[in-house]
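Below you'll find the structure, written out as structure tokens, and then a few comments.
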Amino acid sequence: MKNHHLIHLYNRVGFGILPKEVQKLNKLSTEENVKLLFKKSKKRKSIKVDVSSIEKVGLSIEDKNERRKLQQKENRRLLNDLNVKWFDQLYTSKTLLHDKMRLFWANHFVCSSNSTIQTIEYLSVIEKHALGNFKDFVVAISKNPMMIRYLNNQQNKKEHPNENYARELMELFTLGVGNYTEKDIKESARAFTGWFSSKNGFTFKSKFHDFESKTFLGKTGDFDGTDIINIILEQEQCSLFISEKIYKEFVNPKPNQKHIKKMAKVFRKNYEIADLMKFVLTADWFYDDENIGVKIKSPVELLVSIHNVIPYEFKRERYFQYLQFNLGQKLLYPPNVAGWPGDKQWIDANTIMLRLKLASSIAQQKQIELEPESAFEDDFETINKRKKNKAYFIFTTLDWQAFDHKTIGTKNKDWQDALLGTKLNKQTQEIINPLINNSTKDFCIAIMSIPEYQMC
Amino acid sequence: MKRRDFIINSSLASGMLFVPSFLQAFEKIPKNKLGHKKLVVIQLSGGNDGLNTIVPYTNDIYYKKRPKIAISKNDLLRLNGEMGIPSYMSPLKNLYDKGYLSIINNVGYPNPVRSHFRSADIWQTATDANEYKSTGWIGDYIDVNKLDSHMAIDVDNKLSLALKGKDKSGIAAFDAKLLYRNSNDPFFKKVLNKHHLDEHLNEENLGYLYKQMIQAESSASYIYQKSKTYKSGTKYNSNSFEKQLATTATFINSHLETKVYYVSMGGFDTHVGQNNKHKRLMTVLSNGLENFVNDLKANDTFKDTLIMVFSEFGRRVEENAGMGTDHGAANNLFLLTENLKKPGIYNNTPNLADLDKNGDVKYDVDFRQVYSTVLEKWLEADPKKILGKSFENLNFI
């Protein structure tokens, strides 16, 4: 496999690749490399934290409100832990394809909660189906307690249907806006009545379910939620909608309808996500020049790709949370049910300055001024104090030994190819040329500070 | 021209900033067509309790529903025959008495959302409750008029959604010097220098990245150079809110061409033990506003500055068991400037006898009517292009 194709593959189904790996994997063909990514992804790992502390917190406190407040605080702490666990998983990932798919689906079936227990359950649904069957996935998501609460299906009762879930199911999860009528929303909302969440998970409350006949997308019957999902998946549009989203994420933010139609045809056969991904990653057009280096890295992709080169650790975990917040993507805290729009929306005058300084600040342990994050629930005094404490982050531990180990038997040019790709324009090359004889360490810091490094 | 001025001007003009050819393609609106008015938006995060801010002291329902937390008549300064303001807010009352304050009641939107995040997003993106947008109304104003980033400043370290546009956005500048230093990094400059004529920058995403870098550099430099010598004569209190206001006043009084400033203050989510908390918040808010207005007045810039104060929602009329209030719906909104058309209470006081099914105040002014009025009458922009549809203008300016 050609080096620049291999680098492209690992930029999209991973967080970049280092020179030594290139030297090892370029001996394999494209098919073999893709096969290897799938094989490795079978040993997936869950993202979990120990939640036993929630029950124990505030047991001695009589006041219900006080206790709830303490539990909320404990939940916030645990969610931050969970966020860090997720990053740890990405830093050390042996299951790149699965990890990338998990990030993708968590930004597709978007959901959030301040309950750690529910969040872990939700993540386990995403994990289980990330490379599985899309139909099973949609059914599982529709029965997920966190989603049921997030999109108000808990309030969806026969007497007063709540349309929120039915609407987003079609608009954001399966068909896209304009491919159904308001009537279809109303009818399908009735089919999801009584799909509730209880302490023990999903529960079907028949007394709130509407068993009458419904007419949905041209079909009539006494449908329940699963029937509705089946009918949705029968629509060609569903396969097109998901294929386009996958294409924009993994191939090119600018959709190519010809390729997307081919993907949809493969996907429609039985809605196996793995089949779709295999098709994309082995397609000739996936490796076309026009698809290489055209995507803006998400903040998560940026942080993990820097970490792959220079393993860093934060002195104070809070600063890592602030950093994610300032970059505009904090895992587990999506902006709304539509998720992070991504691409150009990652970049403004402030984030681009922060992004470009990031690698050198990490490597040189320099301070960066960050906006401390505040919750709506925080009081003024807390916010005030946090703003007064200069919110910078300092990276204490840098594992240069690990870095040195990675550089054995490599040349600076190899690092340039791996980190920036091989099709740099003349001007960028002119900036890099005088640096090529520097130590690999300095050279890498410099090339990670070039705007092209923001792309993948 | 003094020599020092000359150096600054020429370094601004030449420096590294040859305007790249691809940027010249943007057809900018001539600046003098935008007028010279400034808008300062102040967001109160958490949901301010409007009913304990502007109190309907003749309304029995208010006192009945809030037996523990209502502000008693004796603790109020009267605004008119129906509404009063807590005495600890006397600085704001001073501004009211001078005719600098207009209070619009019952501002909200259809199908109100009671989640902080969603409702704040709805206000910032100016959308309907069931619509999701990734650009803000001020960002859209910048984008539609193809303005430079420094034309809308978020006085913060992170750009808020309100100022994010599709291709062009505002810029966050909490500390002009620091921002300048960051953008002035030698390596950063070197990269930009090399690239300014490169046709590769027409490439979709990479080109966009470079454009944002150029914007960052030129806006940071403009803000810093233009404001660095100004010294305010006004003494501000030392809290984060007044620091933001002092910075805003510095920018305005330095005559930056910036049209919109964005300031935020948090801590308004008063579910428990509201009275003391709210008193502290209102003291900070009203002192801050008075200092800010005085600073602007001393520099004769208040007449061209409109201040708008809003919160993502009001709070429930009925108090809760924890001596606090829960998330509500419609709320009052403040407008401050020198020549208001209708100073005082702008419209009907909240109708506490006709609440929605949650027990919250119903809206009768859509917040986008306020935006539309400000955009058209103050910023001389086309509200329809920015808000996506037409709203009936109000008559406060």
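The chains in the structure tokens are called A, B, ... from first to last as shown; in each chain the residues are counted from 1, and the ligands are counted from 1 in the order shown.
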Contacts from chain A to chain B, 9 Å maximum, only C-alpha atoms: show me the residue list as a ChimeraX atom specification.
/A:65,164,293-296,325-328,335-338,340-341,343-345,347-354,356-357,369-372,374-385,387-388,425-428,430-431,446,449-452,454-455
List the neighbours of Phe192 in chain A out to 8 Å using only C-alpha atoms; skip same-chain residues closer than 2 positions along the sequence, and give me the result as a list in words.
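Answer for this query is Asn153, Asn156, Ala166, Ser188, Ala189, Arg190, Gly194, Trp195, His209, Asp224 and Gly225 of chain A.
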Find, counting only C-alpha atoms, the residue in A:Thr220, A:Thr203, A:Asn230, A:Ser93 that gets nearest to Gly14 in chain A.
A:Ser93
Which neighbours of Trp400 in chain A fall inside 12 Å, counting only C-alpha atoms, when residues of the same chain fewer than 2 positions from it are skipped, and could you give them as a list in words?
His307, Asn308, Val309, Ile310, Pro311, Tyr312, Glu313, Ile362, Ala363, Gln364, Thr396, Thr397, Leu398, Ala402, Phe403, Asp404, His405, Lys406, Thr407, Thr440, Lys441 and Asp442 of chain A
So that I can check the secondary structure, give me every residue of range 186-353 of chain B assigned strand (DSSP E) by backbone DSSP, as a ChimeraX atom specification.
/B:260-265,305-311,331-336,344-345
What separation in Å, quoted to one decimal, exists between CA of Phe250 in chain A and CA of Asn412 in chain A?
28.0 Å
Name the residues of range 34-207 of chain A that come out as alpha helix (DSSP H) in a backbone DSSP run; write them as a PyMOL selection string.
chain A and resi 34-40+52-56+64-91+96-106+116-129+134-142+145-150+164-168+182-191
For CA of Leu90 in chain A and CA of Glu55 in chain A, quote the distance in Å rounded to one decimal.
29.3 Å
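Going from CA of Phe223 in chain A over to CA of Thr181 in chain A, you cover 17.3 Å.
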Close residues, range 76-92 of chain B itself excluded, 8 Å, only C-alpha atoms, min 6 positions apart in chain, as a ChimeraX atom specification:
/B:52-59,279,282-283,286-287,289-290,344,349
Could you turn the residues from that selection into a file that holds N, CA and C atoms, as a short mmCIF file (atom, residue, chain, number, x, y, z; two decimals), in the first residue's frame?
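Below you can see part_39.cif, which holds the result:
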data_model
loop_
_atom_site.label_atom_id
_atom_site.label_comp_id
_atom_site.auth_asym_id
_atom_site.auth_seq_id
_atom_site.Cartn_x
_atom_site.Cartn_y
_atom_site.Cartn_z
N ASN B 52 -38.71 39.35 40.91
CA ASN B 52 -38.08 39.97 42.08
C ASN B 52 -37.08 41.05 41.67
N THR B 53 -37.01 41.33 40.36
CA THR B 53 -36.15 42.40 39.87
C THR B 53 -37.00 43.65 39.66
N ILE B 54 -38.07 43.46 38.90
CA ILE B 54 -39.06 44.53 38.72
C ILE B 54 -40.35 43.98 39.33
N VAL B 55 -40.70 44.49 40.48
CA VAL B 55 -41.71 43.84 41.32
C VAL B 55 -43.11 44.45 41.13
N PRO B 56 -44.11 43.60 40.84
CA PRO B 56 -45.49 44.09 40.69
C PRO B 56 -46.14 44.25 42.07
N TYR B 57 -45.82 45.33 42.75
CA TYR B 57 -46.14 45.42 44.18
C TYR B 57 -47.61 45.65 44.47
N THR B 58 -48.42 45.93 43.46
CA THR B 58 -49.85 46.08 43.72
C THR B 58 -50.61 44.78 43.43
N ASN B 59 -49.88 43.77 43.03
CA ASN B 59 -50.53 42.53 42.62
C ASN B 59 -50.56 41.51 43.76
N LYS B 279 -30.14 39.20 45.86
CA LYS B 279 -29.76 40.55 46.30
C LYS B 279 -28.32 40.85 45.88
N MET B 282 -28.16 41.32 42.07
CA MET B 282 -28.75 42.58 41.62
C MET B 282 -27.88 43.77 42.00
N THR B 283 -27.20 43.66 43.13
CA THR B 283 -26.28 44.71 43.54
C THR B 283 -25.13 44.81 42.55
N SER B 286 -26.60 46.16 39.13
CA SER B 286 -26.97 47.58 39.03
C SER B 286 -25.78 48.51 39.28
N ASN B 287 -24.88 48.12 40.19
CA ASN B 287 -23.66 48.93 40.33
C ASN B 287 -22.86 48.95 39.04
N LEU B 289 -23.87 48.45 35.97
CA LEU B 289 -24.51 49.24 34.91
C LEU B 289 -24.31 50.74 35.15
N GLU B 290 -24.43 51.16 36.41
CA GLU B 290 -24.30 52.60 36.68
C GLU B 290 -22.86 53.06 36.39
N GLY B 344 -38.86 54.16 30.74
CA GLY B 344 -39.77 53.67 31.78
C GLY B 344 -40.26 52.28 31.45
N THR B 349 -47.67 45.12 32.38
CA THR B 349 -47.00 44.30 33.39
C THR B 349 -47.46 42.85 33.24
#
Go through A:Ile141, A:Leu59, A:Leu332, A:Leu281 and flag the residue nearest Leu78 in chain A, using only C-alpha atoms for the distances.
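Smallest separation from Leu78 in chain A among the options: A:Leu332.
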Surrounding residues of Ser53 in chain A excluding itself and chain neighbours under 5 positions, 10 Å, only C-alpha atoms, as a PyMOL selection string:
chain A and resi 58+71+74-75+78
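Using only C-alpha atoms, the residues found no farther than 8 Å from Val266 in chain A, other than those of its own chain fewer than 2 positions away, are Lys262, Met263, Ala264, Arg268, Lys269, Asp275, Leu276 and Phe279 of chain A.
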Name the residues in contact with Ser227 in chain B at a cut-off of 8 Å, using only C-alpha atoms, excluding same-chain residues fewer than 4 positions from it; report them as a VMD selection string.
chain B and resid 223 250 to 251 254 256
